[in-house]
>>> print(open('my_file30.txt').read())   # compact mmCIF, C-alpha atoms
# COMPACT_ATOMS: atom_id res chain seq x y z
CA MET A 1 -83.07 -174.40 -105.76
CA ALA A 2 -79.84 -173.96 -107.59
CA THR A 3 -80.15 -170.22 -107.20
CA VAL A 4 -80.63 -170.59 -103.43
CA ASN A 5 -77.48 -172.76 -103.23
CA LYS A 6 -75.43 -170.12 -105.12
CA ILE A 7 -76.57 -167.38 -102.78
CA THR A 8 -75.81 -169.52 -99.73
CA ASP A 9 -72.34 -170.27 -101.08
CA LYS A 10 -71.62 -166.53 -101.67
CA VAL A 11 -72.82 -165.62 -98.15
CA THR A 12 -70.64 -168.35 -96.66
CA ARG A 13 -67.54 -167.07 -98.51
CA LEU A 14 -68.31 -163.49 -97.60
CA SER A 15 -68.78 -164.30 -93.92
CA HIS A 16 -65.54 -166.28 -94.05
CA ARG A 17 -63.71 -163.21 -95.36
CA ILE A 18 -65.34 -160.92 -92.82
CA PHE A 19 -65.00 -162.95 -89.64
CA ASN A 20 -61.85 -165.01 -90.34
CA THR A 21 -59.17 -162.27 -89.89
CA THR A 22 -56.21 -164.62 -89.91
CA ALA A 23 -56.86 -165.59 -93.48
CA THR A 24 -55.44 -162.30 -94.94
CA GLU A 25 -52.97 -161.40 -92.19
CA THR A 26 -49.26 -161.30 -93.09
CA LYS A 27 -47.05 -162.98 -90.55
CA VAL A 28 -45.11 -160.42 -88.53
CA VAL A 29 -41.76 -161.61 -87.23
CA ARG A 30 -40.41 -160.03 -84.07
CA ASP A 31 -36.76 -160.17 -83.12
CA GLY A 32 -37.58 -160.53 -79.50
CA ASN A 33 -36.72 -157.94 -76.95
CA PRO A 34 -35.54 -154.86 -78.90
CA PHE A 35 -33.60 -153.67 -75.84
CA SER A 36 -31.44 -156.79 -75.81
CA LYS A 37 -29.29 -155.55 -78.73
CA SER A 38 -28.01 -152.59 -76.84
CA ASN A 39 -26.25 -152.35 -73.53
CA PHE A 40 -26.29 -148.59 -73.15
CA GLN A 41 -28.70 -147.17 -70.71
CA LYS A 42 -30.69 -143.97 -71.06
CA ASN A 43 -29.70 -143.30 -74.68
CA ILE A 44 -31.49 -146.39 -75.96
CA LEU A 45 -34.79 -144.60 -75.67
CA MET A 46 -33.80 -142.23 -78.40
CA GLU A 47 -33.09 -144.97 -80.94
CA ASP A 48 -35.85 -146.05 -83.27
CA VAL A 49 -35.56 -149.78 -82.83
CA PHE A 50 -39.18 -150.60 -83.48
CA GLN A 51 -38.87 -151.54 -87.13
CA SER A 52 -40.99 -154.08 -88.83
CA SER A 53 -39.45 -157.08 -90.53
CA THR A 54 -41.09 -155.94 -93.77
CA ALA A 55 -39.17 -152.73 -93.68
CA LYS A 56 -35.97 -154.68 -93.06
CA SER A 57 -36.54 -156.91 -96.04
CA THR A 58 -37.09 -153.97 -98.37
CA ALA A 59 -34.33 -151.84 -96.93
CA GLY A 60 -32.31 -149.90 -99.49
CA ILE A 61 -28.65 -148.97 -99.40
CA ASN A 62 -29.44 -145.92 -97.30
CA ASP A 63 -31.10 -148.00 -94.63
CA LYS A 64 -28.22 -150.47 -94.44
CA ILE A 65 -26.03 -147.92 -92.68
CA SER A 66 -28.72 -146.94 -90.28
CA ALA A 67 -28.48 -149.71 -87.72
CA GLY A 68 -25.07 -148.99 -86.19
CA THR A 69 -25.02 -145.32 -87.12
CA LYS A 70 -28.33 -144.66 -85.44
CA ARG A 71 -27.01 -146.00 -82.19
CA ILE A 72 -23.96 -143.75 -82.50
CA TYR A 73 -26.10 -140.73 -83.31
CA SER A 74 -28.39 -141.67 -80.46
CA MET A 75 -25.47 -141.77 -78.06
CA PHE A 76 -24.24 -138.45 -79.40
CA VAL A 77 -27.65 -136.82 -79.04
CA GLY A 78 -28.01 -138.25 -75.58
CA SER A 79 -24.68 -136.83 -74.59
CA ILE A 80 -25.67 -133.36 -75.86
CA THR A 81 -27.46 -132.79 -72.59
CA ASP A 82 -24.18 -132.97 -70.72
CA PHE A 83 -22.37 -131.16 -73.51
CA GLY A 84 -24.88 -128.34 -73.21
CA ASN A 85 -24.09 -128.05 -69.56
CA THR A 86 -20.43 -127.78 -70.43
CA ILE A 87 -21.18 -125.01 -72.93
CA ILE A 88 -23.33 -123.18 -70.41
CA ASP A 89 -20.57 -123.51 -67.81
CA GLY A 90 -18.09 -122.16 -70.37
CA ILE A 91 -20.33 -119.22 -71.21
CA GLU A 92 -20.76 -118.48 -67.54
CA SER A 93 -16.99 -118.53 -67.02
CA VAL A 94 -16.47 -116.24 -70.03
CA LYS A 95 -19.08 -113.88 -68.61
CA ALA A 96 -17.30 -113.89 -65.27
CA PHE A 97 -13.94 -113.26 -66.98
CA CYS A 98 -15.34 -110.36 -69.01
CA SER A 99 -16.89 -108.83 -65.91
CA LYS A 100 -13.53 -109.08 -64.13
CA VAL A 101 -11.65 -107.48 -67.05
CA LYS A 102 -14.26 -104.75 -67.26
CA SER A 103 -14.08 -104.00 -63.57
CA ASN A 104 -10.26 -103.97 -63.67
CA ALA A 105 -10.29 -101.60 -66.65
CA VAL A 106 -12.72 -99.30 -64.89
CA GLU A 107 -10.62 -99.34 -61.73
CA THR A 108 -7.43 -98.54 -63.67
CA TRP A 109 -9.19 -95.78 -65.55
CA ASN A 110 -10.44 -94.29 -62.30
CA LYS A 111 -6.96 -94.44 -60.79
CA VAL A 112 -5.38 -92.71 -63.78
CA TYR A 113 -8.15 -90.14 -63.71
CA LYS A 114 -7.54 -89.55 -60.01
CA ILE A 115 -3.76 -89.20 -60.42
CA ALA A 116 -3.95 -86.88 -63.39
CA ASN A 117 -6.87 -85.01 -61.83
CA THR A 118 -7.73 -83.88 -65.29
CA GLU A 119 -10.00 -85.09 -68.00
CA ILE A 120 -8.38 -87.81 -70.05
CA ARG A 121 -9.06 -87.43 -73.72
CA PHE A 122 -7.91 -89.43 -76.70
CA ASP A 123 -7.18 -86.19 -78.55
CA GLY A 124 -4.33 -85.45 -76.17
CA LEU A 125 -3.08 -89.00 -76.40
CA LYS A 126 -3.12 -88.79 -80.17
CA GLU A 127 -1.15 -85.55 -80.10
CA THR A 128 1.39 -87.03 -77.70
CA LEU A 129 1.84 -90.12 -79.84
CA GLN A 130 2.19 -88.08 -83.01
CA ARG A 131 4.75 -85.82 -81.35
CA ASP A 132 6.73 -88.76 -80.01
CA ILE A 133 6.65 -90.62 -83.30
CA THR A 134 7.64 -87.60 -85.38
CA SER A 135 10.52 -86.91 -83.00
CA PHE A 136 12.13 -90.14 -84.19
CA PHE A 137 12.53 -88.77 -87.70
CA PRO A 138 14.74 -85.81 -88.54
CA THR A 139 12.81 -82.87 -89.92
CA ASP A 140 13.83 -80.88 -92.95
CA THR A 141 15.06 -78.16 -90.59
CA GLY A 142 17.10 -80.70 -88.61
CA LYS A 143 18.62 -82.08 -91.79
CA GLY A 144 19.48 -78.55 -92.92
CA ILE A 145 21.20 -77.75 -89.63
CA VAL A 146 23.25 -80.96 -89.75
CA LYS A 147 24.21 -80.23 -93.33
CA MET A 148 25.26 -76.65 -92.50
CA SER A 149 27.25 -77.82 -89.48
CA LYS A 150 29.61 -79.64 -91.86
CA MET A 151 30.25 -76.54 -93.98
CA ASP A 152 33.22 -74.26 -93.61
CA PRO A 153 32.29 -71.42 -91.23
CA HIS A 154 34.23 -68.67 -92.97
CA THR A 155 33.76 -69.44 -96.65
CA GLU A 156 30.27 -70.94 -96.63
CA ILE A 157 28.37 -70.11 -93.45
CA LYS A 158 29.48 -66.51 -92.97
CA PRO A 159 27.99 -65.26 -96.30
CA MET A 160 24.74 -67.09 -95.60
CA PHE A 161 24.63 -65.67 -92.08
CA THR A 162 25.22 -62.13 -93.32
CA GLU A 163 22.60 -62.47 -96.03
CA ALA A 164 19.99 -63.91 -93.66
CA LEU A 165 20.62 -61.13 -91.12
CA ALA A 166 20.28 -58.47 -93.80
CA ALA A 167 16.97 -59.99 -94.88
CA LEU A 168 15.79 -60.09 -91.27
CA ASP A 169 16.76 -56.45 -90.75
CA ALA A 170 14.76 -55.55 -93.84
CA ASP A 171 11.74 -57.47 -92.56
CA LEU A 172 11.93 -55.75 -89.16
CA ALA A 173 12.25 -52.35 -90.83
CA ALA A 174 9.13 -53.19 -92.86
CA TYR A 175 7.25 -54.19 -89.65
CA ALA A 176 8.25 -50.91 -88.01
CA ALA A 177 7.13 -48.83 -91.00
CA MET B 1 6.96 -57.91 -81.82
CA ASP B 2 8.53 -60.97 -80.21
CA ASN B 3 6.01 -63.27 -81.78
CA ASN B 4 6.39 -61.55 -85.11
CA ILE B 5 10.14 -61.97 -85.23
CA LYS B 6 10.09 -65.60 -84.07
CA ASN B 7 7.61 -66.50 -86.76
CA ASN B 8 9.66 -64.70 -89.37
CA LYS B 9 11.13 -66.93 -92.06
CA ASN B 10 14.47 -65.13 -92.06
CA PHE B 11 14.72 -65.29 -88.27
CA LYS B 12 14.26 -69.06 -88.48
CA LYS B 13 17.02 -69.16 -91.08
CA VAL B 14 19.33 -67.13 -88.83
CA SER B 15 18.42 -69.38 -85.90
CA ASP B 16 19.28 -72.49 -87.94
CA ILE B 17 22.64 -71.01 -88.98
CA ILE B 18 23.49 -70.17 -85.36
CA GLU B 19 22.49 -73.69 -84.29
CA SER B 20 24.65 -75.22 -87.00
CA LEU B 21 27.60 -73.14 -85.79
CA THR B 22 26.94 -74.43 -82.25
CA ILE B 23 27.55 -78.03 -83.32
CA ASN B 24 30.15 -77.30 -85.99
CA SER B 25 33.43 -78.88 -84.93
CA ASN B 26 35.47 -76.26 -86.77
CA PRO B 27 36.91 -73.75 -84.21
CA ASP B 28 36.45 -70.95 -86.76
CA SER B 29 32.73 -71.12 -85.93
CA VAL B 30 33.40 -69.11 -82.76
CA ALA B 31 34.96 -66.30 -84.79
CA VAL B 32 31.94 -66.20 -87.14
CA LEU B 33 29.50 -66.16 -84.23
CA GLU B 34 31.43 -63.35 -82.58
CA GLU B 35 31.86 -61.29 -85.71
CA ILE B 36 28.34 -61.57 -87.11
CA GLY B 37 26.07 -62.74 -84.28
CA THR B 38 27.23 -60.76 -81.26
CA ASN B 39 27.45 -57.55 -83.32
CA SER B 40 23.89 -57.79 -84.59
CA SER B 41 21.55 -54.90 -83.82
CA ILE B 42 18.75 -57.36 -83.08
CA ASP B 43 18.53 -58.43 -79.42
CA GLU B 44 17.07 -61.86 -80.24
CA VAL B 45 19.98 -62.65 -82.56
CA ARG B 46 22.54 -61.59 -79.94
CA GLU B 47 20.70 -63.69 -77.37
CA LEU B 48 20.80 -66.77 -79.59
CA THR B 49 24.46 -66.18 -80.42
CA SER B 50 25.49 -65.82 -76.76
CA LYS B 51 23.66 -69.01 -75.84
CA ALA B 52 25.35 -70.81 -78.75
CA LEU B 53 28.79 -69.66 -77.56
CA VAL B 54 28.08 -70.89 -74.01
CA LYS B 55 26.81 -74.25 -75.32
CA ARG B 56 30.07 -74.83 -77.18
CA ASN B 57 31.70 -74.70 -73.73
CA GLU B 58 35.17 -74.00 -75.10
CA PRO B 59 37.72 -71.49 -73.68
CA ASP B 60 37.52 -69.32 -76.81
CA SER B 61 33.72 -69.25 -76.97
CA LEU B 62 33.33 -68.67 -73.22
CA SER B 63 35.86 -65.85 -73.22
CA VAL B 64 33.71 -64.00 -75.79
CA VAL B 65 30.60 -64.01 -73.56
CA ILE B 66 32.49 -63.40 -70.29
CA GLU B 67 35.47 -61.11 -71.11
CA ARG B 68 34.26 -58.95 -74.02
CA LYS B 69 32.61 -55.70 -73.13
CA GLY B 70 29.09 -55.34 -74.51
CA LYS B 71 28.78 -59.08 -75.27
CA GLY B 72 27.29 -62.02 -73.43
CA ILE B 73 26.96 -61.31 -69.70
CA ASN B 74 28.14 -57.73 -70.36
CA ASP B 75 25.50 -56.99 -73.01
CA MET B 76 23.60 -53.72 -72.73
CA SER B 77 20.34 -55.64 -73.07
CA THR B 78 19.29 -57.12 -69.73
CA VAL B 79 17.45 -59.93 -71.53
CA VAL B 80 20.59 -60.95 -73.42
CA ALA B 81 22.81 -60.73 -70.31
CA MET B 82 20.37 -62.70 -68.13
CA SER B 83 19.86 -65.36 -70.81
CA THR B 84 23.62 -65.81 -71.07
CA ILE B 85 23.98 -66.11 -67.28
CA ASN B 86 21.12 -68.60 -67.22
CA GLU B 87 22.84 -70.65 -69.92
CA LEU B 88 26.09 -70.61 -67.95
CA LEU B 89 24.25 -71.82 -64.84
CA SER B 90 22.64 -74.59 -66.88
CA LEU B 91 25.96 -76.05 -68.02
CA GLU B 92 26.55 -79.61 -66.82
CA ASP B 93 30.32 -79.15 -66.88
CA LYS B 94 31.07 -75.74 -65.40
CA GLN B 95 34.79 -76.28 -65.05
CA GLU B 96 35.79 -74.41 -68.21
CA ALA B 97 33.45 -71.51 -67.46
CA MET B 98 34.84 -71.18 -63.90
CA LYS B 99 38.39 -71.02 -65.29
CA VAL B 100 37.46 -68.20 -67.67
CA LEU B 101 35.61 -66.33 -64.92
CA GLU B 102 38.58 -66.72 -62.58
CA HIS B 103 40.93 -65.49 -65.30
CA THR B 104 38.71 -62.44 -65.95
CA ILE B 105 38.53 -61.56 -62.25
CA SER B 106 42.20 -62.05 -61.50
CA THR B 107 43.80 -60.58 -64.62
CA GLU B 108 44.56 -56.88 -64.75
CA GLY B 109 43.60 -54.92 -67.82
CA PHE B 110 39.99 -55.91 -68.02
CA ASP B 111 37.28 -53.29 -67.65
CA PRO B 112 36.20 -53.04 -63.97
CA GLU B 113 32.58 -53.49 -64.98
CA VAL B 114 33.44 -56.70 -66.86
CA GLN B 115 35.35 -57.95 -63.81
CA GLU B 116 32.44 -57.08 -61.52
CA ASN B 117 30.00 -58.99 -63.72
CA ALA B 118 32.35 -61.97 -63.82
CA ARG B 119 32.61 -61.93 -60.03
CA SER B 120 28.83 -61.94 -59.65
CA VAL B 121 28.35 -64.77 -62.14
CA LYS B 122 31.11 -66.77 -60.47
CA ALA B 123 29.32 -66.40 -57.12
CA LEU B 124 26.07 -67.56 -58.70
CA MET B 125 27.77 -70.53 -60.34
CA ALA B 126 29.41 -71.50 -57.06
CA LEU B 127 26.00 -71.54 -55.41
CA SER B 128 24.29 -73.48 -58.20
>>> encode(input="my_file30.txt", output="structure tokens")
Amino acid sequence: MATVNKITDKVTRLSHRIFNTTATETKVVRDGNPFSKSNFQKNILMEDVFQSSTAKSTAGINDKISAGTKRIYSMFVGSITDFGNTIIDGIESVKAFCSKVKSNAVETWNKVYKIANTEIRFDGLKETLQRDITSFFPTDTGKGIVKMSKMDPHTEIKPMFTEALAALDADLAAYAA
Amino acid sequence: MDNNIKNNKNFKKVSDIIESLTINSNPDSVAVLEEIGTNSSIDEVRELTSKALVKRNEPDSLSVVIERKGKGINDMSTVVAMSTINELLSLEDKQEAMKVLEHTISTEGFDPEVQENARSVKALMALS
């Protein structure tokens, strides 16, 4: 009889544990309407406001900054949609600007080509630039001429002139022979 | 031949000397050009010398190429004579050259051929 009572008692306790769910449930505290904390509109949907009170109670130092910061980040992320549009608009305007510059450059090139009526090559341009740049600096020959122009014609230049002419005569005689 | 002589080192030296005498402020330069340059046996040297004398645009230098027989516009070489005339026509200030030409034409004692050449050049310069 005692054995039957023990078994009955165990079954009763077991059934109590199985069917009485409130006995082991931890009380969950809600803060009410989670949307009431925020007054911003569409961006609220991106914030993770559904946190349990348990998580709040065990929050570390990293989680303490999350409440306000998350809302800021949420607002920022929400605004990216519009920001993206701005970027796209900017890219489109840059594309338009580049196309305009390109078309202007092509038009100018065509005009120059038409006026010159010759093939335009960078080789020629390079030669022109080199010639113009070098013309700014006196050459060795130019320096020599300037130096000679300050010498006395009779005592200094005349002997040089005679000597150079004699050498030239000799060269021409050698060519003829 | 022309290319050979213009690429010659000594011709370049002669050319530089003549150019230096063109810009030399010393009036003795004209005498050196006349004595050495205009008496050279090489046509190219005489041509350069005559041009240099015209470029100086002084009474003394112009008289050499206009009044002297066998020099400047009176040179036996047509190339030298024509180059000198061309240089005279290219002068910006022709006043001094016209005076010398007038003097050559109007003064007795000059060779008739020299006077005839001066007359022709004067006519050309008047037209230019």
>>> interface_residues(input="my_file30.txt", of="chain B", to="chain A", cutoff="6 Å", atoms="all atoms listed in the file", output="list of chain:residue names")
B:Asn10, B:Val14, B:Asp16, B:Ser20, B:Leu21, B:Asn24, B:Ser29
>>> closest_residue(input="my_file30.txt", among="B:Val30, B:Ile85, B:Ile17, B:Ala97", to="B:Ser120", atoms="all atoms listed in the file")
B:Ile85
>>> residues_around(input="my_file30.txt", residues="stretch 61-77 of chain B", least_positions_apart="3", cutoff="9 Å", atoms="all atoms listed in the file", output="count of residues only")
38
>>> atom_distance(input="my_file30.txt", atom1="atom CA of B:Thr22", atom2="atom CA of B:Asp60")
12.9 Å
>>> atom_distance(input="my_file30.txt", atom1="atom CA of B:Ile23", atom2="atom CA of B:Gly37")
15.4 Å
>>> closest_residue(input="my_file30.txt", among="B:Ile36, B:Ile18, B:Val45, B:Leu89", to="B:Lys6", atoms="all atoms listed in the file")
B:Val45
